[in-house]
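Visitor: So that you have it, the file is my_file-v2.txt, and it contains compact mmCIF, N, CA and C atoms and all ligand atoms:
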```
# COMPACT_ATOMS: atom_id res chain seq x y z
N MET A 1 142.91 86.11 191.72
CA MET A 1 143.47 86.07 190.36
C MET A 1 142.33 86.06 189.34
N SER A 2 142.53 86.79 188.26
CA SER A 2 141.48 86.87 187.25
C SER A 2 141.99 86.38 185.90
N CYS A 3 141.05 86.05 185.03
CA CYS A 3 141.38 85.55 183.71
C CYS A 3 142.18 86.59 182.92
N PRO A 4 143.35 86.22 182.40
CA PRO A 4 144.18 87.17 181.65
C PRO A 4 143.56 87.55 180.31
N ILE A 5 142.58 86.79 179.88
CA ILE A 5 141.96 87.06 178.58
C ILE A 5 140.81 88.04 178.72
N CYS A 6 139.87 87.74 179.59
CA CYS A 6 138.68 88.58 179.70
C CYS A 6 138.55 89.25 181.06
N GLY A 7 139.37 88.84 182.03
CA GLY A 7 139.35 89.51 183.32
C GLY A 7 138.33 88.96 184.30
N LYS A 8 137.61 87.91 183.92
CA LYS A 8 136.63 87.32 184.82
C LYS A 8 137.35 86.47 185.88
N ALA A 9 136.56 86.02 186.83
CA ALA A 9 137.12 85.20 187.90
C ALA A 9 137.65 83.89 187.33
N THR A 10 138.78 83.47 187.85
CA THR A 10 139.41 82.26 187.35
C THR A 10 138.67 81.00 187.79
N GLU A 11 138.49 80.11 186.85
CA GLU A 11 137.89 78.82 187.16
C GLU A 11 139.04 77.83 187.40
N PRO A 12 139.06 77.20 188.60
CA PRO A 12 140.16 76.28 188.93
C PRO A 12 140.39 75.22 187.86
N LYS A 13 139.31 74.80 187.23
CA LYS A 13 139.42 73.76 186.20
C LYS A 13 140.22 74.24 184.99
N TYR A 14 140.11 75.53 184.73
CA TYR A 14 140.77 76.07 183.53
C TYR A 14 141.84 77.08 183.90
N ARG A 15 142.28 77.03 185.15
CA ARG A 15 143.29 77.94 185.63
C ARG A 15 144.46 78.08 184.65
N PRO A 16 144.99 79.26 184.40
CA PRO A 16 144.59 80.52 185.04
C PRO A 16 143.46 81.25 184.30
N PHE A 17 142.70 80.53 183.54
CA PHE A 17 141.63 81.16 182.76
C PHE A 17 140.27 80.91 183.39
N CYS A 18 139.25 81.53 182.82
CA CYS A 18 137.91 81.42 183.39
C CYS A 18 137.13 80.34 182.67
N SER A 19 137.59 79.95 181.50
CA SER A 19 136.85 78.96 180.72
C SER A 19 137.77 78.34 179.67
N LYS A 20 137.30 77.28 179.06
CA LYS A 20 138.09 76.64 178.02
C LYS A 20 138.26 77.57 176.83
N ARG A 21 137.24 78.37 176.60
CA ARG A 21 137.30 79.30 175.47
C ARG A 21 138.47 80.26 175.63
N CYS A 22 138.59 80.83 176.80
CA CYS A 22 139.69 81.76 177.03
C CYS A 22 141.03 81.04 176.99
N ALA A 23 141.05 79.80 177.46
CA ALA A 23 142.28 79.02 177.40
C ALA A 23 142.66 78.80 175.94
N ASP A 24 141.67 78.54 175.10
CA ASP A 24 141.93 78.34 173.67
C ASP A 24 142.41 79.63 173.02
N VAL A 25 141.82 80.73 173.43
CA VAL A 25 142.22 82.02 172.89
C VAL A 25 143.68 82.29 173.21
N ASP A 26 144.04 82.02 174.45
CA ASP A 26 145.42 82.25 174.85
C ASP A 26 146.36 81.32 174.12
N LEU A 27 145.93 80.09 173.95
CA LEU A 27 146.75 79.11 173.23
C LEU A 27 146.95 79.55 171.78
N ALA A 28 145.88 80.02 171.17
CA ALA A 28 145.95 80.48 169.78
C ALA A 28 146.90 81.66 169.66
N ARG A 29 146.83 82.56 170.61
CA ARG A 29 147.73 83.71 170.58
C ARG A 29 149.17 83.26 170.72
N TRP A 30 149.36 82.30 171.61
CA TRP A 30 150.71 81.81 171.86
C TRP A 30 151.25 81.12 170.61
N LEU A 31 150.42 80.35 169.97
CA LEU A 31 150.85 79.62 168.78
C LEU A 31 151.15 80.59 167.63
N ARG A 32 150.38 81.64 167.53
CA ARG A 32 150.61 82.61 166.46
C ARG A 32 151.95 83.29 166.61
N GLY A 33 152.47 83.27 167.82
CA GLY A 33 153.78 83.88 168.04
C GLY A 33 154.88 83.00 167.48
N SER A 34 154.59 81.72 167.32
CA SER A 34 155.59 80.77 166.84
C SER A 34 155.45 80.55 165.34
N TYR A 35 154.24 80.39 164.89
CA TYR A 35 154.03 80.20 163.46
C TYR A 35 152.63 80.66 163.06
N VAL A 36 152.44 80.89 161.78
CA VAL A 36 151.18 81.42 161.30
C VAL A 36 150.15 80.31 161.13
N ILE A 37 149.00 80.52 161.70
CA ILE A 37 147.92 79.55 161.55
C ILE A 37 147.05 79.94 160.36
N PRO A 38 146.93 79.06 159.37
CA PRO A 38 146.07 79.35 158.22
C PRO A 38 144.61 79.40 158.65
N GLY A 39 144.08 80.58 158.69
CA GLY A 39 142.69 80.70 159.14
C GLY A 39 142.13 82.01 158.63
N ASP A 40 142.54 83.09 159.26
CA ASP A 40 142.07 84.40 158.87
C ASP A 40 142.62 84.81 157.50
N LEU A 41 143.84 84.42 157.22
CA LEU A 41 144.47 84.82 155.97
C LEU A 41 143.99 83.98 154.80
N ALA A 42 143.48 82.81 155.08
CA ALA A 42 143.08 81.90 154.02
C ALA A 42 141.99 82.51 153.14
N GLU A 43 141.11 83.26 153.75
CA GLU A 43 140.00 83.83 152.98
C GLU A 43 140.49 84.90 152.01
N GLU A 44 141.52 85.63 152.41
CA GLU A 44 142.02 86.70 151.56
C GLU A 44 142.73 86.16 150.32
N GLU A 45 143.29 84.98 150.44
CA GLU A 45 144.02 84.42 149.30
C GLU A 45 143.08 83.98 148.18
N ASP A 46 141.83 83.74 148.56
CA ASP A 46 140.86 83.34 147.55
C ASP A 46 140.37 84.58 146.80
N SER A 47 141.22 85.10 145.94
CA SER A 47 140.90 86.33 145.24
C SER A 47 139.85 86.10 144.16
N PRO A 48 139.09 87.12 143.86
CA PRO A 48 138.06 87.02 142.81
C PRO A 48 138.67 86.82 141.43
N THR A 49 137.85 86.40 140.48
CA THR A 49 138.34 86.09 139.15
C THR A 49 138.79 87.34 138.40
N GLU A 50 138.08 88.43 138.61
CA GLU A 50 138.44 89.65 137.88
C GLU A 50 139.68 90.29 138.47
N ASP A 51 140.72 90.34 137.66
CA ASP A 51 141.99 90.92 138.07
C ASP A 51 142.56 91.70 136.90
N PRO A 52 142.46 93.03 136.95
CA PRO A 52 142.87 93.88 135.82
C PRO A 52 144.36 93.71 135.47
N ALA A 53 145.16 93.34 136.46
CA ALA A 53 146.61 93.23 136.23
C ALA A 53 146.98 91.90 135.59
N ALA A 54 146.06 90.94 135.60
CA ALA A 54 146.39 89.63 135.06
C ALA A 54 146.36 89.64 133.53
N PRO A 55 147.48 89.28 132.92
CA PRO A 55 147.55 89.26 131.44
C PRO A 55 146.82 88.04 130.86
N HIS A 56 146.21 88.25 129.72
CA HIS A 56 145.54 87.13 129.06
C HIS A 56 146.55 86.29 128.30
N SER A 57 146.48 85.02 128.46
CA SER A 57 147.45 84.16 127.79
C SER A 57 146.84 83.45 126.59
ZN ZN A 101 138.17 84.53 180.49
```
Have the structure of the file written as structure tokens, please.

Guide:
Amino acid sequence: MSCPICGKATEPKYRPFCSKRCADVDLARWLRGSYVIPGDLAEEEDSPTEDPAAPHS
């Protein structure tokens, strides 16, 4: 059996993954299927100050 994330040999300690990292990756993927994790999207929300569409008040 090989790691479903990277395909390396499975480590019994982290079965069915090869390492904790891959286990975390799989967990993150699984969690994203249930709800959105604020991480990658958080940076995009921090928009720059210059916004041509924003009206001056
Ligand atoms: Zn792996």

Visitor: With distances taken over all atoms listed in the file, which residue among A:Cys18, A:Glu11, A:Trp30, A:Asp51 lies nearest ligand ZN 101 (chain A)?

Guide: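 Closest to ligand ZN 101 (chain A) of all the choices is A:Cys18.
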
Visitor: Counting all atoms listed in the file, what are the residues, protein, DNA or RNA alike, that approach ligand ZN 101 (chain A) to within 7 Å? I want them as a list in words.

Guide: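 Sorted by chain and then by number, the residues are Ser2, Cys3, Pro4, Ile5, Cys6, Gly7, Lys8, Ala9, Phe17, Cys18, Ser19, Arg21, Cys22 and Ala23 of chain A.
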
Visitor: To one decimal place, how far is CA of Arg15 (chain A) from CA of Met1 (chain A) in Å?

Guide: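 These two atoms are separated by 9.4 Å.
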